[in-house]
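Coordinates from structure00.pdb are shown below (PDB, C-alpha atoms and all ligand atoms).
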ATOM      1  CA  MET A   1     -17.740  -5.498 -13.058
ATOM      2  CA  PRO A   2     -19.592  -5.275  -9.706
ATOM      3  CA  ASP A   3     -22.146  -2.435  -9.406
ATOM      4  CA  SER A   4     -20.363  -0.645  -6.573
ATOM      5  CA  PRO A   5     -16.885   0.684  -7.374
ATOM      6  CA  PRO A   6     -13.936  -1.271  -5.958
ATOM      7  CA  ARG A   7     -12.512   0.377  -2.857
ATOM      8  CA  LEU A   8      -8.738   0.625  -2.651
ATOM      9  CA  LEU A   9      -6.561   1.639   0.279
ATOM     10  CA  ALA A  10      -3.416   3.511  -0.800
ATOM     11  CA  PHE A  11      -0.274   4.523   1.047
ATOM     12  CA  ALA A  12       3.395   5.339   0.553
ATOM     13  CA  GLY A  13       5.992   3.493   2.566
ATOM     14  CA  SER A  14       7.760   6.653   3.677
ATOM     15  CA  LEU A  15       7.101   9.168   6.427
ATOM     16  CA  ARG A  16       9.239  12.035   5.260
ATOM     17  CA  GLN A  17       7.713  15.266   4.044
ATOM     18  CA  GLY A  18       9.329  15.379   0.574
ATOM     19  CA  SER A  19       8.981  11.643  -0.092
ATOM     20  CA  TYR A  20       9.095  10.670  -3.771
ATOM     21  CA  ASN A  21       6.919   7.691  -3.005
ATOM     22  CA  ARG A  22       4.309   9.904  -1.425
ATOM     23  CA  ARG A  23       4.292  11.900  -4.670
ATOM     24  CA  LEU A  24       4.100   8.699  -6.709
ATOM     25  CA  VAL A  25       1.257   7.066  -4.800
ATOM     26  CA  HIS A  26      -0.924   9.996  -5.908
ATOM     27  CA  VAL A  27      -0.206   9.065  -9.554
ATOM     28  CA  LEU A  28      -1.074   5.439  -8.826
ATOM     29  CA  ALA A  29      -4.299   6.478  -7.091
ATOM     30  CA  GLU A  30      -5.188   8.681 -10.053
ATOM     31  CA  GLY A  31      -4.814   5.714 -12.421
ATOM     32  CA  ALA A  32      -7.081   3.569 -10.262
ATOM     33  CA  ARG A  33      -9.679   6.332  -9.943
ATOM     34  CA  GLU A  34      -9.697   6.883 -13.708
ATOM     35  CA  ALA A  35     -10.363   3.148 -14.077
ATOM     36  CA  GLY A  36     -13.365   3.422 -11.745
ATOM     37  CA  ALA A  37     -12.058   2.757  -8.240
ATOM     38  CA  GLN A  38     -12.800   4.649  -5.065
ATOM     39  CA  VAL A  39      -9.406   5.277  -3.462
ATOM     40  CA  THR A  40      -8.689   6.103   0.192
ATOM     41  CA  LEU A  41      -5.224   7.628   0.340
ATOM     42  CA  ILE A  42      -3.748   7.573   3.836
ATOM     43  CA  GLU A  43      -0.512   8.858   5.346
ATOM     44  CA  LEU A  44       1.232   6.298   7.560
ATOM     45  CA  ARG A  45       2.452   9.279   9.604
ATOM     46  CA  ASP A  46      -1.157   9.494  10.867
ATOM     47  CA  TYR A  47      -0.929   5.882  12.139
ATOM     48  CA  PRO A  48       2.282   5.829  14.180
ATOM     49  CA  LEU A  49       3.083   2.358  15.516
ATOM     50  CA  PRO A  50       5.957   0.856  17.492
ATOM     51  CA  ILE A  51       7.994  -1.908  15.922
ATOM     52  CA  TYR A  52       5.868  -5.013  16.448
ATOM     53  CA  ASP A  53       6.345  -6.315  19.991
ATOM     54  CA  GLY A  54       4.276  -9.172  21.382
ATOM     55  CA  ASP A  55       4.441  -7.665  24.858
ATOM     56  CA  ILE A  56       2.860  -4.424  23.628
ATOM     57  CA  GLU A  57       0.193  -6.456  21.835
ATOM     58  CA  ALA A  58      -0.469  -8.497  24.996
ATOM     59  CA  GLU A  59      -1.219  -5.259  26.835
ATOM     60  CA  GLY A  60      -3.734  -4.345  24.141
ATOM     61  CA  MET A  61      -3.534  -3.695  20.404
ATOM     62  CA  PRO A  62      -2.372  -0.151  19.652
ATOM     63  CA  GLU A  63      -5.283   2.039  18.554
ATOM     64  CA  HIS A  64      -3.602   2.826  15.228
ATOM     65  CA  ALA A  65      -3.188  -0.872  14.464
ATOM     66  CA  ARG A  66      -6.920  -1.358  15.062
ATOM     67  CA  ARG A  67      -7.680   1.623  12.805
ATOM     68  CA  LEU A  68      -5.519   0.173  10.029
ATOM     69  CA  GLN A  69      -7.217  -3.216  10.401
ATOM     70  CA  ALA A  70     -10.605  -1.542  10.092
ATOM     71  CA  LEU A  71      -9.434   0.269   6.959
ATOM     72  CA  MET A  72      -8.159  -2.965   5.432
ATOM     73  CA  ALA A  73     -11.448  -4.693   6.263
ATOM     74  CA  GLY A  74     -13.338  -1.950   4.453
ATOM     75  CA  HIS A  75     -11.356  -2.079   1.219
ATOM     76  CA  ASP A  76     -11.044  -4.536  -1.648
ATOM     77  CA  GLY A  77      -7.368  -3.998  -2.302
ATOM     78  CA  LEU A  78      -4.150  -2.096  -1.738
ATOM     79  CA  LEU A  79      -2.072   0.406  -3.685
ATOM     80  CA  VAL A  80       1.460   0.842  -2.326
ATOM     81  CA  SER A  81       4.380   2.978  -3.420
ATOM     82  CA  THR A  82       7.494   1.823  -1.609
ATOM     83  CA  PRO A  83      11.022   3.135  -1.201
ATOM     84  CA  GLU A  84      13.937   0.718  -1.349
ATOM     85  CA  TYR A  85      16.218   0.442   1.682
ATOM     86  CA  ASN A  86      19.333  -1.656   1.212
ATOM     87  CA  GLY A  87      17.728  -3.660  -1.533
ATOM     88  CA  SER A  88      14.557  -4.423   0.392
ATOM     89  CA  MET A  89      11.312  -2.836   1.541
ATOM     90  CA  PRO A  90      11.513  -0.377   4.444
ATOM     91  CA  ALA A  91      10.738  -1.615   7.956
ATOM     92  CA  LEU A  92       7.813   0.817   7.972
ATOM     93  CA  VAL A  93       5.993  -1.130   5.260
ATOM     94  CA  LYS A  94       6.680  -4.534   6.796
ATOM     95  CA  ASN A  95       5.768  -3.328  10.270
ATOM     96  CA  THR A  96       2.489  -1.885   9.003
ATOM     97  CA  LEU A  97       1.593  -5.182   7.319
ATOM     98  CA  ASP A  98       2.635  -7.160  10.407
ATOM     99  CA  TRP A  99       0.441  -5.144  12.777
ATOM    100  CA  ILE A 100      -2.565  -5.432  10.424
ATOM    101  CA  SER A 101      -2.048  -9.200  10.252
ATOM    102  CA  ARG A 102      -2.502  -9.653  14.022
ATOM    103  CA  PRO A 103      -5.828 -11.034  15.329
ATOM    104  CA  ILE A 104      -8.796  -8.694  15.024
ATOM    105  CA  GLU A 105     -11.173  -8.075  17.925
ATOM    106  CA  SER A 106     -13.269 -11.155  17.170
ATOM    107  CA  GLY A 107     -10.119 -13.266  17.560
ATOM    108  CA  ARG A 108     -10.004 -14.080  13.838
ATOM    109  CA  SER A 109      -6.582 -13.770  12.201
ATOM    110  CA  GLY A 110      -5.858 -10.355  10.724
ATOM    111  CA  VAL A 111      -4.364 -12.154   7.726
ATOM    112  CA  THR A 112      -7.952 -12.815   6.601
ATOM    113  CA  LEU A 113      -8.285  -9.049   6.048
ATOM    114  CA  PHE A 114      -5.900  -9.360   3.088
ATOM    115  CA  GLN A 115      -7.072 -12.615   1.612
ATOM    116  CA  ASP A 116      -8.410 -12.653  -1.939
ATOM    117  CA  LYS A 117      -7.864  -8.922  -2.228
ATOM    118  CA  VAL A 118      -5.829  -7.321  -5.015
ATOM    119  CA  ALA A 119      -2.716  -5.150  -4.819
ATOM    120  CA  GLY A 120      -0.798  -2.863  -7.154
ATOM    121  CA  ILE A 121       2.755  -1.822  -6.315
ATOM    122  CA  VAL A 122       5.198   0.817  -7.563
ATOM    123  CA  SER A 123       8.448   2.287  -6.241
ATOM    124  CA  ALA A 124      10.571   5.396  -6.567
ATOM    125  CA  SER A 125      14.197   6.147  -5.813
ATOM    126  CA  PRO A 126      16.807   8.727  -6.755
ATOM    127  CA  GLY A 127      18.906   5.806  -8.027
ATOM    128  CA  PRO A 128      18.854   4.361 -11.554
ATOM    129  CA  LEU A 129      16.855   1.206 -10.718
ATOM    130  CA  GLY A 130      14.028   3.100  -9.030
ATOM    131  CA  GLY A 131      13.751   0.717  -6.101
ATOM    132  CA  LEU A 132      13.006  -2.293  -8.294
ATOM    133  CA  ARG A 133      14.437  -4.740  -5.759
ATOM    134  CA  SER A 134      12.037  -3.520  -3.070
ATOM    135  CA  LEU A 135       9.145  -4.431  -5.374
ATOM    136  CA  LEU A 136      10.287  -8.041  -5.508
ATOM    137  CA  VAL A 137      10.308  -8.248  -1.721
ATOM    138  CA  LEU A 138       7.017  -6.402  -1.284
ATOM    139  CA  ARG A 139       5.325  -8.540  -3.952
ATOM    140  CA  ASP A 140       6.400 -11.662  -2.107
ATOM    141  CA  ALA A 141       5.261 -10.331   1.296
ATOM    142  CA  LEU A 142       1.830  -9.326  -0.040
ATOM    143  CA  ALA A 143       1.376 -12.646  -1.827
ATOM    144  CA  LYS A 144       2.183 -14.486   1.401
ATOM    145  CA  LEU A 145      -0.622 -12.536   3.083
ATOM    146  CA  GLY A 146      -3.005 -13.820   0.422
ATOM    147  CA  LEU A 147      -3.237 -10.800  -1.847
ATOM    148  CA  LEU A 148      -3.213 -11.196  -5.590
ATOM    149  CA  VAL A 149      -0.517  -8.732  -6.741
ATOM    150  CA  VAL A 150      -1.059  -7.665 -10.347
ATOM    151  CA  PRO A 151       1.908  -8.480 -12.610
ATOM    152  CA  GLN A 152       2.252  -4.902 -13.833
ATOM    153  CA  GLN A 153       4.641  -2.792 -11.732
ATOM    154  CA  VAL A 154       6.739   0.339 -12.258
ATOM    155  CA  ALA A 155       9.986   1.478 -10.617
ATOM    156  CA  VAL A 156      10.672   5.193 -11.117
ATOM    157  CA  GLY A 157      14.405   5.961 -11.121
ATOM    158  CA  GLN A 158      15.990   9.429 -10.997
ATOM    159  CA  ALA A 159      12.968  10.381  -8.963
ATOM    160  CA  ALA A 160      14.173  13.903  -8.154
ATOM    161  CA  ASP A 161      13.853  14.870 -11.829
ATOM    162  CA  LYS A 162      10.588  13.045 -12.471
ATOM    163  CA  LEU A 163       8.490  13.383  -9.308
ATOM    164  CA  THR A 164       8.532  17.122  -8.732
ATOM    165  CA  ASP A 165       5.236  17.339  -6.830
ATOM    166  CA  TYR A 166       2.329  15.231  -5.535
ATOM    167  CA  GLY A 167       0.772  13.421  -8.452
ATOM    168  CA  VAL A 168       3.298  14.831 -10.941
ATOM    169  CA  LEU A 169       5.349  12.333 -12.950
ATOM    170  CA  ASN A 170       7.286  14.061 -15.726
ATOM    171  CA  ASP A 171       7.604  11.086 -18.015
ATOM    172  CA  ASP A 172       4.680  10.102 -20.230
ATOM    173  CA  ARG A 173       5.689   6.472 -20.585
ATOM    174  CA  LEU A 174       6.198   5.966 -16.859
ATOM    175  CA  ARG A 175       2.990   7.811 -15.994
ATOM    176  CA  ALA A 176       1.043   5.565 -18.369
ATOM    177  CA  GLY A 177       2.722   2.573 -16.737
ATOM    178  CA  VAL A 178       1.816   3.673 -13.207
ATOM    179  CA  HIS A 179      -1.759   4.414 -14.279
ATOM    180  CA  GLY A 180      -1.743   0.953 -15.858
ATOM    181  CA  VAL A 181      -0.924  -0.641 -12.493
ATOM    182  CA  GLY A 182      -3.945   1.083 -10.917
ATOM    183  CA  ALA A 183      -6.155   0.097 -13.845
ATOM    184  CA  ALA A 184      -4.983  -3.532 -13.650
ATOM    185  CA  VAL A 185      -6.012  -3.722  -9.992
ATOM    186  CA  VAL A 186      -9.480  -2.443 -10.884
ATOM    187  CA  ARG A 187      -9.724  -4.911 -13.780
ATOM    188  CA  HIS A 188      -8.797  -7.846 -11.556
ATOM    189  CA  LEU A 189     -11.360  -6.790  -8.954
ATOM    190  CA  GLY A 190     -13.999  -6.907 -11.648
ATOM    191  CA  GLY A 191     -13.220 -10.564 -12.107
ATOM    192  CA  VAL A 192     -12.853 -11.890  -8.557
ATOM    193  CA  ASN A 193     -15.465 -12.182  -5.856
ATOM    194  CA  ARG A 194     -15.037  -9.222  -3.593
ATOM    195  CA  THR A 195     -15.031 -10.150   0.074
ATOM    196  CA  ASP A 196     -18.043  -8.719   1.793
ATOM    197  CA  ASP A 197     -16.100  -8.438   4.992
ATOM    198  CA  ARG A 198     -16.339  -4.798   5.857
ATOM    199  CA  LYS A 199     -17.660  -5.427   9.349
ATOM    200  CA  GLY A 200     -14.784  -7.792  10.184
ATOM    201  CA  ALA A 201     -12.862  -5.251  12.253
ATOM    202  CA  THR A 202     -13.780  -2.068  14.022
ATOM    203  CA  ALA A 203     -11.925   1.190  14.390
TER     204      ALA A 203
HETATM  205  C1  LIG A 301      18.573   3.164   5.053
HETATM  206  C2  LIG A 301      18.475   3.539   3.600
HETATM  207  C3  LIG A 301      18.814   2.612   2.640
HETATM  208  C4  LIG A 301      18.673   2.926   1.283
HETATM  209  N1  LIG A 301      18.922   1.966   0.343
HETATM  210  C5  LIG A 301      18.623   2.211  -0.955
HETATM  211  C6  LIG A 301      18.693   1.169  -1.926
HETATM  212  O1  LIG A 301      19.001   0.031  -1.644
HETATM  213  N2  LIG A 301      18.358   1.472  -3.206
HETATM  214  C7  LIG A 301      17.967   2.726  -3.574
HETATM  215  O2  LIG A 301      17.669   2.931  -4.750
HETATM  216  N3  LIG A 301      17.916   3.744  -2.681
HETATM  217  C8  LIG A 301      18.222   3.515  -1.384
HETATM  218  N4  LIG A 301      18.108   4.508  -0.447
HETATM  219  C9  LIG A 301      17.769   5.864  -0.885
HETATM  220  C10 LIG A 301      16.262   6.019  -0.985
HETATM  221  O3  LIG A 301      15.865   5.547  -2.243
HETATM  222  C11 LIG A 301      15.901   7.504  -0.846
HETATM  223  O4  LIG A 301      16.202   7.942   0.458
HETATM  224  C12 LIG A 301      14.455   7.759  -1.204
HETATM  225  O5  LIG A 301      14.267   9.145  -1.333
HETATM  226  C13 LIG A 301      13.510   7.170  -0.160
HETATM  227  O6  LIG A 301      12.175   7.253  -0.599
HETATM  228  P1  LIG A 301      11.220   8.500  -0.254
HETATM  229  O7  LIG A 301      11.730   9.665  -1.095
HETATM  230  O8  LIG A 301       9.864   8.071  -0.668
HETATM  231  O9  LIG A 301      11.338   8.793   1.217
HETATM  232  C14 LIG A 301      18.259   4.224   0.905
HETATM  233  C15 LIG A 301      17.938   5.163   1.912
HETATM  234  C16 LIG A 301      18.030   4.825   3.225
HETATM  235  C17 LIG A 301      17.631   5.841   4.279
END
Kindly return the structure encoded in the file as structure tokens.
Ligand SMILES: Cc1cc2nc3c(=O)[nH]c(=O)nc-3n(C[C@H](O)[C@H](O)[C@H](O)COP(=O)(O)O)c2cc1C
Amino acid sequence: MPDSPPRLLAFAGSLRQGSYNRRLVHVLAEGAREAGAQVTLIELRDYPLPIYDGDIEAEGMPEHARRLQALMAGHDGLLVSTPEYNGSMPALVKNTLDWISRPIESGRSGVTLFQDKVAGIVSASPGPLGGLRSLLVLRDALAKLGLLVVPQQVAVGQAADKLTDYGVLNDDRLRAGVHGVGAAVVRHLGGVNRTDDRKGATA
């Protein structure tokens, strides 16, 4: 294990106030912290971005996209809790990843900000499958960006009964599973060379 704790960037793929995924990402962050990580939990509401548009980018990268790139550059991995929309990940999550992947100020591809980093993913939904299908899509998207996505994942169904507050998951087995995703990310970061790339992008 490296001497400095792994730094993980965490967010939920939902903007709404009572989001189950926002509640769940706190449980995931807790698992990673208990395993030794330093977790930065952000709200995507604080980084509002238009749907990716090359014309907007040509006029200058949106400030929030630059801030997200700088955050990604300064972390060793990602923790994401995603809703499922029509069997896939929400546009918010994809759009966030797409903006981060655009060239950073040096001209280098933003995709390099993800490469060789490690991700842990979970989902929550009021439905019985817990958003499981969104995890398949998100896993694929993150892998294409060069992240190693740990095999452990948890989909929390019947979320209204189980995720009653931030960081509260009223199911011991599921909570252990979500903590296990965070711990697996930390374990994998102990075994891969962490990119020393924290000056790659600026806020
Ligand atoms: C456009 C849209 C599509 C949805 N599709 C699905 C779906 O395919 N599967 C599912 O389990 N829930 C689906 N839902 C319900 C979401 O799981 C539910 O709104 C959930 O609370 C969203 O996550 P959040 O609580 O973190 O905001 C959909 C909701 C919306 C708005």
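Every protein or nucleic acid residue with an atom no more than 12 Å from Glu34 of chain A, counting only C-alpha atoms and leaving out same-chain residues fewer than 3 positions away, appears here: Pro5, Val27, Leu28, Ala29, Glu30, Gly31, Ala37, Gln38, Val39, Ala176, Val178, His179, Gly180, Val181, Gly182, Ala183, Ala184, Val185, Val186 and Arg187 of chain A.
The list of residues with at least one atom within 12 Å of Gly127 of chain A, based on all atoms listed in the file and without residues fewer than 2 positions apart in the same chain, reads Tyr20, Pro83, Glu84, Tyr85, Asn86, Gly87, Ser123, Ala124, Ser125, Leu129, Gly130, Gly131, Leu132, Arg133, Ala155, Val156, Gly157, Gln158, Ala159, Ala160, Asp161 and Lys162 of chain A.
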Around all listed atoms of ligand LIG 301 (chain A), padded 3 Å per side, what centre and edge lengths does the axis-aligned box have in Å to one decimal, as JSON?
{"center_x": 14.4, "center_y": 4.8, "center_z": 0.2, "size_x": 15.1, "size_y": 15.6, "size_z": 15.8}
Compile the contact shell of segment 135-139 of chain A as a PDB file with C-alpha atoms, in the frame of the given file: residues with an atom at most 12 Å away, counting all atoms listed in the file, same-chain residues fewer than 4 positions apart removed.
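And here is the file that came out, around-v6.pdb:
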ATOM      1  CA  GLY A  13       5.992   3.493   2.566  1.00  0.00           C
ATOM      2  CA  LEU A  78      -4.150  -2.096  -1.738  1.00  0.00           C
ATOM      3  CA  LEU A  79      -2.072   0.406  -3.685  1.00  0.00           C
ATOM      4  CA  VAL A  80       1.460   0.842  -2.326  1.00  0.00           C
ATOM      5  CA  SER A  81       4.380   2.978  -3.420  1.00  0.00           C
ATOM      6  CA  THR A  82       7.494   1.823  -1.609  1.00  0.00           C
ATOM      7  CA  PRO A  83      11.022   3.135  -1.201  1.00  0.00           C
ATOM      8  CA  GLU A  84      13.937   0.718  -1.349  1.00  0.00           C
ATOM      9  CA  TYR A  85      16.218   0.442   1.682  1.00  0.00           C
ATOM     10  CA  ASN A  86      19.333  -1.656   1.212  1.00  0.00           C
ATOM     11  CA  GLY A  87      17.728  -3.660  -1.533  1.00  0.00           C
ATOM     12  CA  SER A  88      14.557  -4.423   0.392  1.00  0.00           C
ATOM     13  CA  MET A  89      11.312  -2.836   1.541  1.00  0.00           C
ATOM     14  CA  PRO A  90      11.513  -0.377   4.444  1.00  0.00           C
ATOM     15  CA  ALA A  91      10.738  -1.615   7.956  1.00  0.00           C
ATOM     16  CA  LEU A  92       7.813   0.817   7.972  1.00  0.00           C
ATOM     17  CA  VAL A  93       5.993  -1.130   5.260  1.00  0.00           C
ATOM     18  CA  LYS A  94       6.680  -4.534   6.796  1.00  0.00           C
ATOM     19  CA  LEU A  97       1.593  -5.182   7.319  1.00  0.00           C
ATOM     20  CA  VAL A 118      -5.829  -7.321  -5.015  1.00  0.00           C
ATOM     21  CA  ALA A 119      -2.716  -5.150  -4.819  1.00  0.00           C
ATOM     22  CA  GLY A 120      -0.798  -2.863  -7.154  1.00  0.00           C
ATOM     23  CA  ILE A 121       2.755  -1.822  -6.315  1.00  0.00           C
ATOM     24  CA  VAL A 122       5.198   0.817  -7.563  1.00  0.00           C
ATOM     25  CA  SER A 123       8.448   2.287  -6.241  1.00  0.00           C
ATOM     26  CA  ALA A 124      10.571   5.396  -6.567  1.00  0.00           C
ATOM     27  CA  SER A 125      14.197   6.147  -5.813  1.00  0.00           C
ATOM     28  CA  LEU A 129      16.855   1.206 -10.718  1.00  0.00           C
ATOM     29  CA  GLY A 130      14.028   3.100  -9.030  1.00  0.00           C
ATOM     30  CA  GLY A 131      13.751   0.717  -6.101  1.00  0.00           C
ATOM     31  CA  ALA A 143       1.376 -12.646  -1.827  1.00  0.00           C
ATOM     32  CA  LYS A 144       2.183 -14.486   1.401  1.00  0.00           C
ATOM     33  CA  LEU A 145      -0.622 -12.536   3.083  1.00  0.00           C
ATOM     34  CA  GLY A 146      -3.005 -13.820   0.422  1.00  0.00           C
ATOM     35  CA  LEU A 147      -3.237 -10.800  -1.847  1.00  0.00           C
ATOM     36  CA  LEU A 148      -3.213 -11.196  -5.590  1.00  0.00           C
ATOM     37  CA  VAL A 149      -0.517  -8.732  -6.741  1.00  0.00           C
ATOM     38  CA  VAL A 150      -1.059  -7.665 -10.347  1.00  0.00           C
ATOM     39  CA  PRO A 151       1.908  -8.480 -12.610  1.00  0.00           C
ATOM     40  CA  GLN A 152       2.252  -4.902 -13.833  1.00  0.00           C
ATOM     41  CA  GLN A 153       4.641  -2.792 -11.732  1.00  0.00           C
ATOM     42  CA  VAL A 154       6.739   0.339 -12.258  1.00  0.00           C
ATOM     43  CA  ALA A 155       9.986   1.478 -10.617  1.00  0.00           C
ATOM     44  CA  VAL A 156      10.672   5.193 -11.117  1.00  0.00           C
TER      45      VAL A 156
END
Can you tell me, as a ChimeraX atom specification, what residues are no more than 8 Å from Ser101 of chain A when counting only C-alpha atoms, ignoring any on the same chain fewer than 3 positions away?
/A:69,97-98,109-113
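Selection by the PyMOL selection byres (((chain A and resi 44) around 8) and not hetatm) on the present file picks out Phe11, Ala12, Gly13, Ser14, Leu15, Ile42, Glu43, Arg45, Asp46, Tyr47 and Pro48 of chain A.
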Generate the output file for the selected residues, C-alpha atoms, as an mmCIF file, in the coordinates of the input.
data_model
loop_
_atom_site.group_PDB
_atom_site.id
_atom_site.type_symbol
_atom_site.label_atom_id
_atom_site.label_comp_id
_atom_site.auth_asym_id
_atom_site.auth_seq_id
_atom_site.Cartn_x
_atom_site.Cartn_y
_atom_site.Cartn_z
ATOM 1 C CA PHE A 11 -0.274 4.523 1.047
ATOM 2 C CA ALA A 12 3.395 5.339 0.553
ATOM 3 C CA GLY A 13 5.992 3.493 2.566
ATOM 4 C CA SER A 14 7.760 6.653 3.677
ATOM 5 C CA LEU A 15 7.101 9.168 6.427
ATOM 6 C CA ILE A 42 -3.748 7.573 3.836
ATOM 7 C CA GLU A 43 -0.512 8.858 5.346
ATOM 8 C CA ARG A 45 2.452 9.279 9.604
ATOM 9 C CA ASP A 46 -1.157 9.494 10.867
ATOM 10 C CA TYR A 47 -0.929 5.882 12.139
ATOM 11 C CA PRO A 48 2.282 5.829 14.180
#
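Reported to one decimal place, the separation of atom CA of Arg22 of chain A from atom CA of Leu71 of chain A is 18.8 Å.
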The residue from A:Thr164, A:Ser19, A:Asn95, A:Ser134 with the smallest atom-to-atom distance to ligand LIG 301 (chain A), counting only C-alpha atoms and all ligand atoms, is A:Ser19
Between atom C6 of ligand LIG 301 (chain A) and atom CA of Gln115 of chain A, what is the distance in Å, rounded to a tenth?
29.4 Å
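Every protein, DNA or RNA residue with an atom at most 10 Å from Glu63 of chain A, where only C-alpha atoms count and chain neighbours fewer than 2 positions away do not, is listed here: Tyr47, Pro48, Leu49, Gly60, Met61, Ala65, Arg66, Arg67, Leu68, Gln69 and Ala203 of chain A.
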Which residue gives the smallest distance to ligand LIG 301 (chain A) among A:Ile104, A:Gly190, A:Pro62, A:Asp165, with only C-alpha atoms and all ligand atoms counted?
A:Asp165
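Going from atom CA of Leu163 of chain A over to atom CA of Asn21 of chain A, you cover 8.6 Å.
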Distance criterion (all atoms listed in the file): nearest to Pro6 of chain A out of A:Gly167, A:Gly18, A:Gly77, A:Gly177
A:Gly77
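With all atoms listed in the file as the atoms that count, the minimum distance from ligand LIG 301 (chain A) to the choices A:Trp99, A:Arg108, A:Arg33, A:Pro128 is reached by A:Pro128.
Taking all atoms listed in the file into account, ligand LIG 301 (chain A) lies nearest to A:Tyr166 out of the set A:Ile56, A:His64, A:Gly74, A:Tyr166.
Among the candidates A:Ala141, A:Pro126, A:Gly54, A:His26, the one nearest to ligand LIG 301 (chain A) when counting all atoms listed in the file is A:Pro126.
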